[in-house]
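K.L.:
Structure file structure.cif (mmCIF, C-alpha atoms) right here:
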data_my_file
#
loop_
_atom_site.label_atom_id
_atom_site.label_comp_id
_atom_site.auth_asym_id
_atom_site.auth_seq_id
_atom_site.Cartn_x
_atom_site.Cartn_y
_atom_site.Cartn_z
CA MET A 12 43.45 32.72 -1.55
CA THR A 13 39.67 32.48 -1.78
CA ALA A 14 37.68 33.34 -4.86
CA ASN A 15 36.35 36.50 -3.18
CA ALA A 16 39.79 37.61 -2.13
CA MET A 17 40.99 37.04 -5.65
CA LEU A 18 38.13 39.12 -6.96
CA TRP A 19 38.75 41.93 -4.49
CA ALA A 20 42.54 41.99 -4.45
CA PRO A 21 43.66 45.55 -3.80
CA GLU A 22 45.23 47.46 -6.58
CA ALA A 23 48.71 47.20 -5.01
CA GLU A 24 48.61 43.41 -5.14
CA ALA A 25 47.05 43.25 -8.56
CA PRO A 26 49.28 41.96 -11.29
CA ALA A 27 50.58 44.49 -13.65
CA ALA A 28 48.21 45.34 -16.46
CA PRO A 29 48.85 43.20 -19.48
CA ALA A 30 50.93 44.74 -22.09
CA ALA A 31 49.23 45.80 -25.23
CA PRO A 32 48.46 42.72 -27.26
CA ALA A 33 50.87 41.89 -29.90
CA GLU A 34 49.59 41.80 -33.38
CA GLY A 35 47.58 38.65 -33.98
CA ASP A 36 47.24 38.07 -30.20
CA GLU A 37 44.17 40.21 -29.49
CA TYR A 38 41.89 39.33 -26.58
CA GLU A 39 38.31 40.25 -26.16
CA ALA A 40 37.38 42.34 -23.15
CA VAL A 41 34.92 40.67 -20.75
CA GLU A 42 31.61 42.44 -20.74
CA GLY A 43 28.54 42.18 -18.57
CA LEU A 44 30.38 41.43 -15.30
CA ASP A 45 30.60 43.99 -12.57
CA ARG A 46 31.88 43.86 -9.01
CA ALA A 47 28.45 44.24 -7.40
CA GLY A 48 26.95 41.50 -9.56
CA ILE A 49 29.76 39.05 -8.82
CA GLU A 50 29.68 39.87 -5.11
CA CYS A 51 25.92 39.28 -5.02
CA THR A 52 26.26 35.95 -6.86
CA ARG A 53 29.04 34.75 -4.54
CA ALA A 54 27.05 35.77 -1.44
CA PHE A 55 23.99 33.93 -2.73
CA GLU A 56 26.09 30.83 -3.50
CA ALA A 57 27.60 30.92 0.00
CA VAL A 58 24.16 31.08 1.63
CA ALA A 59 22.89 28.23 -0.58
CA ALA A 60 25.98 26.10 0.17
CA LYS A 61 25.59 26.70 3.92
CA LYS A 62 21.88 25.76 3.78
CA THR A 63 22.62 22.59 1.76
CA ALA A 64 25.38 21.54 4.20
CA SER A 65 23.06 22.14 7.16
CA ASP A 66 20.23 20.22 5.44
CA TYR A 67 22.52 17.25 4.79
CA ALA A 68 23.64 17.29 8.44
CA HIS A 69 19.98 17.11 9.50
CA ILE A 70 19.33 14.25 7.03
CA VAL A 71 22.36 12.27 8.24
CA TRP A 72 21.23 12.67 11.85
CA ALA A 73 17.68 11.59 11.03
CA TYR A 74 18.87 8.55 9.03
CA GLY A 75 21.39 7.66 11.73
CA VAL A 76 18.80 7.76 14.50
CA LEU A 77 16.29 5.76 12.47
CA TRP A 78 18.60 2.86 11.55
CA SER A 79 20.30 2.88 14.96
CA LEU A 80 16.91 2.34 16.57
CA PHE A 81 16.16 -0.63 14.33
CA ALA A 82 19.67 -2.02 14.95
CA ILE A 83 19.34 -1.64 18.75
CA TYR A 84 15.94 -3.36 18.70
CA GLY A 85 17.40 -6.12 16.49
CA VAL A 86 20.24 -6.68 18.98
CA MET A 87 17.73 -6.77 21.84
CA LEU A 88 15.73 -9.46 20.00
CA TRP A 89 18.90 -11.44 19.28
CA ARG A 90 19.86 -11.33 22.99
CA ARG A 91 16.35 -12.42 23.96
CA GLY A 92 16.69 -15.30 21.49
CA GLN A 93 19.97 -16.33 23.11
CA ARG A 94 18.32 -16.25 26.54
CA LEU A 95 15.43 -18.40 25.29
CA ARG A 96 17.89 -20.90 23.81
CA GLY A 97 19.63 -21.11 27.19
CA ASP A 98 16.27 -21.62 28.88
CA VAL A 99 15.40 -24.50 26.52
CA GLN A 100 18.76 -26.14 27.22
CA ALA A 101 18.27 -25.83 30.98
CA LEU A 102 14.84 -27.40 30.67
CA ARG A 103 16.18 -30.19 28.48
CA ALA A 104 18.93 -30.90 31.03
CA ARG A 105 16.38 -31.07 33.83
CA LEU A 106 14.11 -33.44 31.88
CA ASP A 107 17.10 -35.66 30.96
CA ALA A 108 18.11 -35.84 34.62
CA LYS A 109 14.64 -37.13 35.51
CA LYS A 110 14.77 -39.99 33.00
CA MET B 13 7.24 -20.31 7.07
CA ALA B 14 7.47 -18.60 10.48
CA ARG B 15 11.24 -19.05 10.38
CA THR B 16 11.80 -18.04 6.75
CA LEU B 17 9.45 -15.02 6.63
CA PRO B 18 11.70 -12.68 8.66
CA ILE B 19 14.76 -13.74 6.64
CA LEU B 20 12.94 -13.14 3.35
CA LEU B 21 11.69 -9.75 4.55
CA LEU B 22 15.15 -8.67 5.74
CA LEU B 23 16.66 -9.79 2.43
CA ALA B 24 14.01 -7.79 0.57
CA ALA B 25 14.79 -4.75 2.77
CA ALA B 26 18.54 -5.18 2.10
CA VAL B 27 17.85 -5.03 -1.65
CA ILE B 28 15.27 -2.21 -1.55
CA PHE B 29 17.10 0.07 0.91
CA PRO B 30 20.09 0.93 -1.34
CA LEU B 31 17.65 1.49 -4.22
CA SER B 32 15.65 3.79 -1.97
CA VAL B 33 18.74 5.83 -0.98
CA ARG B 34 19.76 6.08 -4.64
CA THR B 35 16.29 7.29 -5.66
CA ILE B 36 15.98 9.78 -2.81
CA PHE B 37 19.43 11.35 -3.10
CA LEU B 38 20.37 10.95 -6.74
CA GLU B 39 17.18 10.80 -8.79
CA VAL B 40 14.40 12.84 -7.23
CA GLY B 41 14.89 16.61 -7.41
CA ILE B 42 15.20 19.08 -4.55
CA GLU B 43 11.86 20.46 -3.43
CA ARG B 44 11.62 24.14 -4.32
CA GLN B 45 10.29 25.58 -1.05
CA LEU B 46 11.76 23.33 1.65
CA GLY B 47 15.10 22.56 0.01
CA THR B 48 17.29 19.51 0.54
CA VAL B 49 16.01 18.81 4.06
CA GLN B 50 12.62 17.83 2.56
CA LYS B 51 14.27 14.47 1.80
CA ILE B 52 13.60 13.55 5.45
CA PHE B 53 9.96 13.28 4.28
CA TYR B 54 10.79 10.01 2.46
CA PHE B 55 11.40 8.16 5.69
CA HIS B 56 9.60 10.30 8.31
CA VAL B 57 6.20 9.78 6.66
CA PRO B 58 6.57 5.99 6.04
CA LEU B 59 7.71 5.58 9.65
CA ALA B 60 4.60 7.42 10.85
CA TRP B 61 2.41 5.17 8.67
CA ILE B 62 4.12 2.04 10.03
CA MET B 63 3.73 3.32 13.60
CA MET B 64 0.00 3.88 13.04
CA LEU B 65 -0.39 0.51 11.26
CA TYR B 66 1.15 -1.40 14.18
CA GLY B 67 -0.83 0.71 16.65
CA VAL B 68 -4.03 -0.54 15.00
CA VAL B 69 -2.66 -4.13 14.75
CA CYS B 70 -1.81 -4.08 18.47
CA GLY B 71 -5.25 -2.73 19.42
CA ILE B 72 -7.08 -5.36 17.34
CA ALA B 73 -4.85 -8.22 18.57
CA ALA B 74 -5.28 -7.10 22.20
CA GLY B 75 -9.06 -7.01 21.67
CA VAL B 76 -9.02 -10.55 20.20
CA GLN B 77 -6.81 -11.77 23.06
CA LEU B 78 -9.19 -10.24 25.60
CA ARG B 79 -12.20 -11.97 24.02
CA ARG B 80 -10.80 -15.33 22.96
CA GLN B 81 -7.72 -15.75 25.18
CA SER B 82 -5.71 -16.45 22.04
CA ARG B 83 -1.98 -16.89 22.57
CA MET B 84 -1.17 -15.94 19.00
CA ALA B 85 -3.18 -12.69 19.36
CA GLU B 86 -1.38 -11.94 22.64
CA ALA B 87 2.05 -12.50 21.07
CA ILE B 88 1.16 -10.35 18.04
CA ALA B 89 -0.15 -7.58 20.32
CA ILE B 90 3.07 -7.51 22.37
CA ALA B 91 5.30 -7.55 19.27
CA ALA B 92 3.24 -4.85 17.53
CA GLY B 93 3.20 -2.73 20.71
CA GLU B 94 7.00 -2.82 20.89
CA MET B 95 7.23 -1.88 17.20
CA VAL B 96 4.99 1.15 17.87
CA ILE B 97 7.53 2.24 20.50
CA VAL B 98 10.52 1.78 18.15
CA THR B 99 8.92 3.51 15.15
CA GLY B 100 7.36 6.10 17.49
CA ILE B 101 10.80 7.17 18.76
CA ALA B 102 12.01 7.34 15.15
CA VAL B 103 9.03 9.53 14.15
CA LEU B 104 9.38 11.75 17.22
CA VAL B 105 13.08 12.28 16.52
CA THR B 106 13.11 12.64 12.71
CA GLY B 107 10.10 15.00 12.82
CA PRO B 108 11.70 17.60 15.11
CA ILE B 109 14.99 17.33 13.14
CA TRP B 110 13.04 18.22 10.00
CA GLY B 111 11.03 20.87 11.88
CA HIS B 112 14.21 22.45 13.23
CA ALA B 113 15.54 22.87 9.69
CA SER B 114 12.25 23.88 8.01
CA TRP B 115 10.22 25.73 10.64
CA GLY B 116 13.15 26.94 12.74
CA LYS B 117 11.62 25.15 15.72
CA ALA B 118 11.91 21.48 16.57
CA TRP B 119 8.65 21.19 18.53
CA THR B 120 5.64 23.45 18.03
CA TRP B 121 3.12 21.63 20.24
CA ASP B 122 0.74 21.22 17.32
CA ALA B 123 -2.10 18.70 17.53
CA ARG B 124 -0.40 16.08 15.35
CA GLN B 125 2.78 16.17 17.45
CA ILE B 126 0.84 15.95 20.71
CA SER B 127 -1.39 13.07 19.54
CA THR B 128 1.69 11.20 18.23
CA GLY B 129 3.48 11.71 21.55
CA LEU B 130 0.35 10.50 23.35
CA LEU B 131 0.21 7.36 21.15
CA TRP B 132 3.83 6.60 22.01
CA LEU B 133 3.24 7.06 25.74
CA VAL B 134 0.13 4.84 25.66
CA PHE B 135 2.06 2.00 24.02
CA VAL B 136 4.99 2.43 26.42
CA ALA B 137 2.42 2.04 29.22
CA TYR B 138 0.95 -1.02 27.44
CA VAL B 139 4.34 -2.76 27.15
CA LEU B 140 5.27 -1.91 30.75
CA VAL B 141 1.96 -3.27 32.09
CA ARG B 142 2.32 -6.45 29.99
CA ARG B 143 5.87 -6.94 31.22
CA TYR B 144 5.67 -5.97 34.88
CA GLY B 145 1.93 -6.08 35.64
CA ALA B 146 0.57 -8.52 38.21
CA ALA B 147 -1.69 -11.45 37.31
CA GLY B 148 -4.87 -10.21 35.65
CA SER B 149 -3.24 -6.98 34.43
CA GLU B 150 -3.57 -8.21 30.83
CA ARG B 151 -7.12 -6.80 30.78
CA LEU B 152 -5.81 -3.34 31.69
CA ALA B 153 -3.04 -3.72 29.12
CA ALA B 154 -5.56 -4.69 26.41
CA ALA B 155 -7.69 -1.66 27.29
CA LEU B 156 -4.59 0.55 26.91
CA ALA B 157 -3.79 -0.98 23.51
CA ILE B 158 -7.36 -0.42 22.30
CA PHE B 159 -7.20 3.19 23.57
CA GLY B 160 -3.92 3.58 21.69
CA ALA B 161 -5.51 2.25 18.48
CA VAL B 162 -8.32 4.81 18.87
CA ASP B 163 -5.66 7.55 18.94
CA VAL B 164 -4.54 6.59 15.40
CA PRO B 165 -7.46 8.28 13.57
CA ILE B 166 -7.02 11.27 15.88
CA ILE B 167 -3.42 11.62 14.62
CA TYR B 168 -4.63 11.33 11.02
CA TYR B 169 -7.45 13.87 11.35
CA ALA B 170 -5.58 16.23 13.73
CA VAL B 171 -4.55 18.46 10.81
CA LYS B 172 -8.20 18.73 9.71
CA ILE B 173 -9.71 19.31 13.16
CA TRP B 174 -7.13 21.71 14.59
CA LYS B 175 -4.88 24.40 13.17
CA THR B 176 -1.44 22.79 12.90
CA THR B 177 2.03 23.47 11.54
CA HIS B 178 1.90 20.11 9.78
CA PRO B 179 0.58 20.30 6.20
CA SER B 180 -2.82 18.83 5.33
CA ASN B 181 -3.24 15.12 4.53
CA GLU B 182 -4.02 16.00 0.90
CA VAL B 183 -0.38 16.99 0.30
CA VAL B 184 0.67 13.35 0.01
CA GLY B 185 -2.05 12.66 -2.58
CA THR B 186 -0.89 15.53 -4.77
CA LEU B 187 2.79 14.53 -4.86
CA PRO B 188 4.34 14.38 -8.33
CA PRO B 189 5.11 10.86 -9.66
CA GLU B 190 8.88 11.21 -9.12
CA MET B 191 8.30 11.85 -5.39
CA TRP B 192 6.05 8.78 -5.18
CA ALA B 193 8.79 6.82 -6.95
CA ALA B 194 11.10 7.75 -4.06
CA LEU B 195 8.48 7.24 -1.34
CA TRP B 196 7.49 3.66 -2.29
CA PRO B 197 10.96 2.06 -1.96
CA ALA B 198 11.54 3.82 1.39
CA LEU B 199 8.17 2.58 2.64
CA GLY B 200 8.92 -0.92 1.32
CA ALA B 201 12.34 -1.14 3.02
CA LEU B 202 11.09 0.19 6.35
CA LEU B 203 7.90 -1.88 6.34
CA ALA B 204 9.82 -5.07 5.46
CA THR B 205 12.32 -4.44 8.28
CA ALA B 206 9.59 -3.61 10.80
CA THR B 207 7.47 -6.64 9.83
CA ALA B 208 10.50 -8.96 10.04
CA LEU B 209 11.24 -7.73 13.56
CA VAL B 210 7.58 -8.08 14.57
CA ALA B 211 7.53 -11.66 13.19
CA VAL B 212 10.70 -12.54 15.15
CA ARG B 213 9.31 -10.99 18.34
CA THR B 214 5.94 -12.76 17.92
CA ARG B 215 7.70 -16.10 17.57
CA GLN B 216 9.87 -15.39 20.62
CA GLU B 217 6.82 -14.53 22.70
CA LEU B 218 5.08 -17.79 21.67
CA VAL B 219 8.21 -19.79 22.52
CA GLU B 220 8.42 -18.00 25.89
CA MET B 221 4.78 -18.86 26.68
CA ASP B 222 5.34 -22.52 25.77
CA LEU B 223 8.52 -22.61 27.82
CA ASP B 224 6.72 -21.17 30.85
CA ASP B 225 4.11 -23.94 30.55
CA VAL B 226 6.73 -26.67 30.28
CA TRP B 227 8.64 -25.27 33.27
CA VAL B 228 5.44 -25.28 35.34
CA GLU B 229 4.74 -28.89 34.26
CA ALA B 230 8.31 -29.90 35.07
CA GLU B 231 8.02 -28.32 38.52
CA ASP B 232 4.63 -30.03 39.09
CA VAL B 233 6.08 -33.42 38.16
CA LYS B 234 9.00 -32.79 40.51
CA GLY B 235 6.59 -31.80 43.29
CA GLU B 236 4.46 -34.96 42.83
CA ALA B 237 7.55 -37.18 42.78
CA THR B 238 8.78 -35.78 46.11
#
Transcribe the structure of this file into structure tokens.
P.N.:
Amino acid sequence: MTANAMLWAPEAEAPAAPAAPAEGDEYEAVEGLDRAGIECTRAFEAVAAKKTASDYAHIVWAYGVLWSLFAIYGVMLWRRGQRLRGDVQALRARLDAKK
Amino acid sequence: MARTLPILLLLAAAVIFPLSVRTIFLEVGIERQLGTVQKIFYFHVPLAWIMMLYGVVCGIAAGVQLRRQSRMAEAIAIAAGEMVIVTGIAVLVTGPIWGHASWGKAWTWDARQISTGLLWLVFVAYVLVRRYGAAGSERLAAALAIFGAVDVPIIYYAVKIWKTTHPSNEVVGTLPPEMWAALWPALGALLATATALVAVRTRQELVEMDLDDVWVEAEDVKGEAT
């Protein structure tokens, strides 16, 4: 059950009202909270959470693209290096054959 | 030194990058107006600076190569040109991702976006001409690189000259110290990585030029012998 559902549980599902406190077991009534205020706070929190999640998704995408590009370019340079090494070996073999 | 410099730079980047992520995501606060997505700023802006830096480096090196026929300048120009393409893609992707979240629109056709896109296209043209151009096309390629370098101040002043969705250049100067503390490590990590890759590419280009010469000599010797 979500927090909102818990807050707005219909009367039928609500637990029975607590029995009158026994002597020495008094509780203090909560004051300053009303349904509209809580609903507004929860709605605001939901919007903020959704925005933060969306923002983080954007950040992860941006970071991913950025470092993938550097990685791809690094791999391309590594492959070019391998090709150059092969070229040097081919040249060396040709020069050795001439000797 | 040429061999150790890229390794040292990559090691430095490997140390600075985690620090940068820690500072950006755990230490610096969330910007009040733009929210969490503003954290893209800490790598979008350094990438744009690096792109412009290598655009200028490529233009100057191409100019030197055109005048003095310097191999080193030619190799630096090619390596820097390729780095402009890599960082340019990164800027042109991270910017619209940020724009999509902040402005509700990925691309607004503002002057800074257009001039950045133009810079990227010019350097793509430069690299293609250098790679596939016929003999003598290096002069055209150098002219393209110099034209690309001229576009750099246009990108910088675009927000002053035209009405744009990008904020003014003064925004960076007025950042609070904690934002600068997050920006410096990100710039350091990205610049170290970019410079290491440029150094490796420059060295590869020089080796390739030398190899071409030796192959030609080897073929000449073979021709004379037969």
K.L.:
Hey, list the chain A side of the contact with chain B: 10 Å cut-off, all atoms listed in the file, answer as a ChimeraX atom specification.
P.N.:
/A:59,62-81,83-85,88-89,91-92,95-96,98-99,101-102,105-106,109
K.L.:
Counting all atoms listed in the file, which of B:Val68, B:Arg124, B:Phe29, B:Phe135 gets nearest to Ser180 in chain B?
P.N.:
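Selected residue with least distance to Ser180 in chain B: B:Arg124.
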K.L.:
Run the PyMOL selection byres ((chain B and resi 62) around 9) mentally over the shown coordinates, then write out the matched residues as number ranges by chain, using the chain letters and numbers from the document.
P.N.:
B: 57-61, 63-67, 95-96, 99, 199, 202-203, 206
K.L.:
What separation in Å, quoted to one decimal, exists between CA of Arg15 in chain B and CA of Ala74 in chain B?
P.N.:
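CA of Ala74 in chain B lies 23.6 Å from CA of Arg15 in chain B.
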K.L.:
Can you translate the PyMOL selection byres ((chain B and resi 147-163) around 6) into the concrete residues it hits in this file, as number ranges by chain?
P.N.:
B: 67-68, 71, 74, 131, 134, 138, 141, 145-146, 164-166
K.L.:
Write the residues of the selection above to a file with C-alpha atoms, as a short mmCIF file (atom, residue, chain, number, x, y, z; two decimals), in the coordinates of the input.
P.N.:
data_model
loop_
_atom_site.label_atom_id
_atom_site.label_comp_id
_atom_site.auth_asym_id
_atom_site.auth_seq_id
_atom_site.Cartn_x
_atom_site.Cartn_y
_atom_site.Cartn_z
CA GLY B 67 -0.83 0.71 16.65
CA VAL B 68 -4.03 -0.54 15.00
CA GLY B 71 -5.25 -2.73 19.42
CA ALA B 74 -5.28 -7.10 22.20
CA LEU B 131 0.21 7.36 21.15
CA VAL B 134 0.13 4.84 25.66
CA TYR B 138 0.95 -1.02 27.44
CA VAL B 141 1.96 -3.27 32.09
CA GLY B 145 1.93 -6.08 35.64
CA ALA B 146 0.57 -8.52 38.21
CA VAL B 164 -4.54 6.59 15.40
CA PRO B 165 -7.46 8.28 13.57
CA ILE B 166 -7.02 11.27 15.88
#
K.L.:
One number please: CA of Ile88 in chain B to CA of Gly200 in chain B, in Å, one decimal.
P.N.:
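That distance, rounded to one decimal, is 20.7 Å.
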K.L.:
Hey, what's within 12 Å of Glu190 in chain B if we count all atoms listed in the file and toss same-chain stuff fewer than 4 positions away? As a list in words, please?
P.N.:
Thr35, Ile36, Leu38, Glu39, Val40, Gly41, Ile42, Glu43, Tyr54, Thr186, Ala194, Leu195, Trp196 and Pro197 of chain B
